[in-house]
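Quick look at model_0.cif (mmCIF, C-alpha atoms, pLDDT in the B column; chains and numbers go by the auth columns):
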```cif
data_data
loop_
_atom_site.group_PDB
_atom_site.id
_atom_site.type_symbol
_atom_site.label_atom_id
_atom_site.label_comp_id
_atom_site.label_asym_id
_atom_site.label_seq_id
_atom_site.Cartn_x
_atom_site.Cartn_y
_atom_site.Cartn_z
_atom_site.B_iso_or_equiv
_atom_site.auth_seq_id
_atom_site.auth_asym_id
ATOM 1 C CA MET A 1 0.000 0.000 0.000 56.00 1 A
ATOM 2 C CA PRO A 2 1.702 3.230 -1.137 62.00 2 A
ATOM 3 C CA THR A 3 1.886 6.143 1.260 64.00 3 A
ATOM 4 C CA SER A 4 1.679 9.745 0.173 59.00 4 A
ATOM 5 C CA THR A 5 4.586 12.006 1.027 62.00 5 A
ATOM 6 C CA ARG A 6 2.865 15.214 -0.003 64.00 6 A
ATOM 7 C CA ALA A 7 2.369 17.814 2.701 62.00 7 A
ATOM 8 C CA ALA A 8 -1.148 18.720 3.688 66.00 8 A
ATOM 9 C CA PRO A 9 -2.353 22.173 2.621 75.00 9 A
ATOM 10 C CA GLY A 10 -1.305 24.712 5.224 76.00 10 A
ATOM 11 C CA GLY A 11 1.443 22.454 6.583 89.00 11 A
ATOM 12 C CA LEU A 12 2.563 22.840 10.169 90.00 12 A
ATOM 13 C CA LEU A 13 0.871 26.213 10.600 90.00 13 A
ATOM 14 C CA ARG A 14 -2.461 24.411 10.765 94.00 14 A
ATOM 15 C CA LEU A 15 -1.429 22.842 14.075 94.00 15 A
ATOM 16 C CA ARG A 16 -2.260 25.006 17.086 95.00 16 A
ATOM 17 C CA ASP A 17 0.526 23.601 19.254 96.00 17 A
ATOM 18 C CA PHE A 18 3.119 24.335 16.593 95.00 18 A
ATOM 19 C CA ARG A 19 1.850 27.909 16.175 96.00 19 A
ATOM 20 C CA LEU A 20 2.117 28.443 19.941 97.00 20 A
ATOM 21 C CA LEU A 21 5.641 27.016 19.959 97.00 21 A
ATOM 22 C CA LEU A 22 6.641 29.204 17.020 97.00 22 A
ATOM 23 C CA ALA A 23 5.168 32.334 18.623 97.00 23 A
ATOM 24 C CA GLY A 24 6.940 31.628 21.925 98.00 24 A
ATOM 25 C CA ALA A 25 10.278 30.965 20.265 98.00 25 A
ATOM 26 C CA THR A 26 9.937 34.095 18.145 98.00 26 A
ATOM 27 C CA ALA A 27 9.082 36.265 21.144 98.00 27 A
ATOM 28 C CA GLY A 28 12.044 34.850 23.065 97.00 28 A
ATOM 29 C CA GLN A 29 14.484 35.527 20.241 97.00 29 A
ATOM 30 C CA VAL A 30 13.184 39.060 19.700 97.00 30 A
ATOM 31 C CA GLY A 31 13.558 39.766 23.417 95.00 31 A
ATOM 32 C CA ALA A 32 17.086 38.385 23.483 92.00 32 A
ATOM 33 C CA GLN A 33 18.167 40.440 20.483 93.00 33 A
ATOM 34 C CA VAL A 34 16.620 43.632 21.853 94.00 34 A
ATOM 35 C CA THR A 35 18.443 43.062 25.136 92.00 35 A
ATOM 36 C CA LEU A 36 21.776 42.692 23.336 91.00 36 A
ATOM 37 C CA VAL A 37 21.301 46.202 21.918 93.00 37 A
ATOM 38 C CA ALA A 38 19.341 47.941 24.671 95.00 38 A
ATOM 39 C CA LEU A 39 21.385 46.963 27.728 94.00 39 A
ATOM 40 C CA PRO A 40 24.688 48.511 26.596 95.00 40 A
ATOM 41 C CA LEU A 41 22.794 51.527 25.275 95.00 41 A
ATOM 42 C CA VAL A 42 21.162 52.094 28.658 95.00 42 A
ATOM 43 C CA ALA A 43 24.522 51.644 30.378 95.00 43 A
ATOM 44 C CA VAL A 44 26.063 54.369 28.230 96.00 44 A
ATOM 45 C CA LEU A 45 23.184 56.840 28.208 96.00 45 A
ATOM 46 C CA GLU A 46 21.849 56.527 31.746 96.00 46 A
ATOM 47 C CA LEU A 47 24.766 55.241 33.797 94.00 47 A
ATOM 48 C CA ARG A 48 27.526 57.044 31.871 96.00 48 A
ATOM 49 C CA ALA A 49 29.521 53.815 31.696 96.00 49 A
ATOM 50 C CA PRO A 50 32.924 54.028 29.981 97.00 50 A
ATOM 51 C CA ALA A 51 33.787 51.888 26.960 96.00 51 A
ATOM 52 C CA PHE A 52 35.653 49.295 29.040 97.00 52 A
ATOM 53 C CA GLN A 53 32.644 48.653 31.285 96.00 53 A
ATOM 54 C CA VAL A 54 30.310 48.418 28.291 95.00 54 A
ATOM 55 C CA GLY A 55 32.699 45.885 26.789 95.00 55 A
ATOM 56 C CA LEU A 56 32.622 43.841 29.978 95.00 56 A
ATOM 57 C CA LEU A 57 28.823 44.033 30.024 93.00 57 A
ATOM 58 C CA THR A 58 28.609 42.814 26.437 92.00 58 A
ATOM 59 C CA ALA A 59 31.056 39.993 27.181 93.00 59 A
ATOM 60 C CA ALA A 60 28.993 38.943 30.200 93.00 60 A
ATOM 61 C CA GLU A 61 25.822 38.903 28.090 89.00 61 A
ATOM 62 C CA THR A 62 27.335 36.451 25.628 88.00 62 A
ATOM 63 C CA ALA A 63 29.503 34.415 28.051 91.00 63 A
ATOM 64 C CA ALA A 64 26.973 31.594 28.270 83.00 64 A
ATOM 65 C CA PHE A 65 27.268 30.917 24.567 77.00 65 A
#
```

Translate this file's structure into structure tokens.
Amino acid sequence: MPTSTRAAPGGLLRLRDFRLLLAGATAGQVGAQVTLVALPLVAVLELRAPAFQVGLLTAAETAAF
């Protein structure tokens, strides 16, 4: 008995659980990327941090990777 390998119309986006997973992963990545830009910017503008301290802050943000 042959099986069809064609994808159903709409694909994975038809599945509610997958859409929720995709939305959560997207929100998490957007938040992480905004933090990589916003945190050093706040340190410079509000805390008057020098370049060395901003460099340390950026290194600490990415140290886990």

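Pairwise distance (CA of Glu46 (chain A), CA of Thr58 (chain A)) equals 16.2 Å.
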
Quick one: apply the PyMOL selection byres ((chain A and resi 54) around 10) to the file and drop the selected residues here as a tab-separated table (two decimals) with C-alpha atoms, in the coordinates of the input.
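After the write, part.tsv holds the following:
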```tsv
chain	number	residue	atom	x	y	z
A	39	LEU	CA	21.38	46.96	27.73
A	40	PRO	CA	24.69	48.51	26.60
A	41	LEU	CA	22.79	51.53	25.28
A	42	VAL	CA	21.16	52.09	28.66
A	43	ALA	CA	24.52	51.64	30.38
A	44	VAL	CA	26.06	54.37	28.23
A	48	ARG	CA	27.53	57.04	31.87
A	49	ALA	CA	29.52	53.82	31.70
A	50	PRO	CA	32.92	54.03	29.98
A	51	ALA	CA	33.79	51.89	26.96
A	52	PHE	CA	35.65	49.30	29.04
A	53	GLN	CA	32.64	48.65	31.28
A	55	GLY	CA	32.70	45.88	26.79
A	56	LEU	CA	32.62	43.84	29.98
A	57	LEU	CA	28.82	44.03	30.02
A	58	THR	CA	28.61	42.81	26.44
A	59	ALA	CA	31.06	39.99	27.18
A	60	ALA	CA	28.99	38.94	30.20
```

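If you look at CA of Phe65 (chain A) and CA of Thr35 (chain A), they are 15.0 Å away from each other.
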
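Atom pair CA of Thr26 (chain A) / CA of Ala63 (chain A): separated by 21.9 Å.
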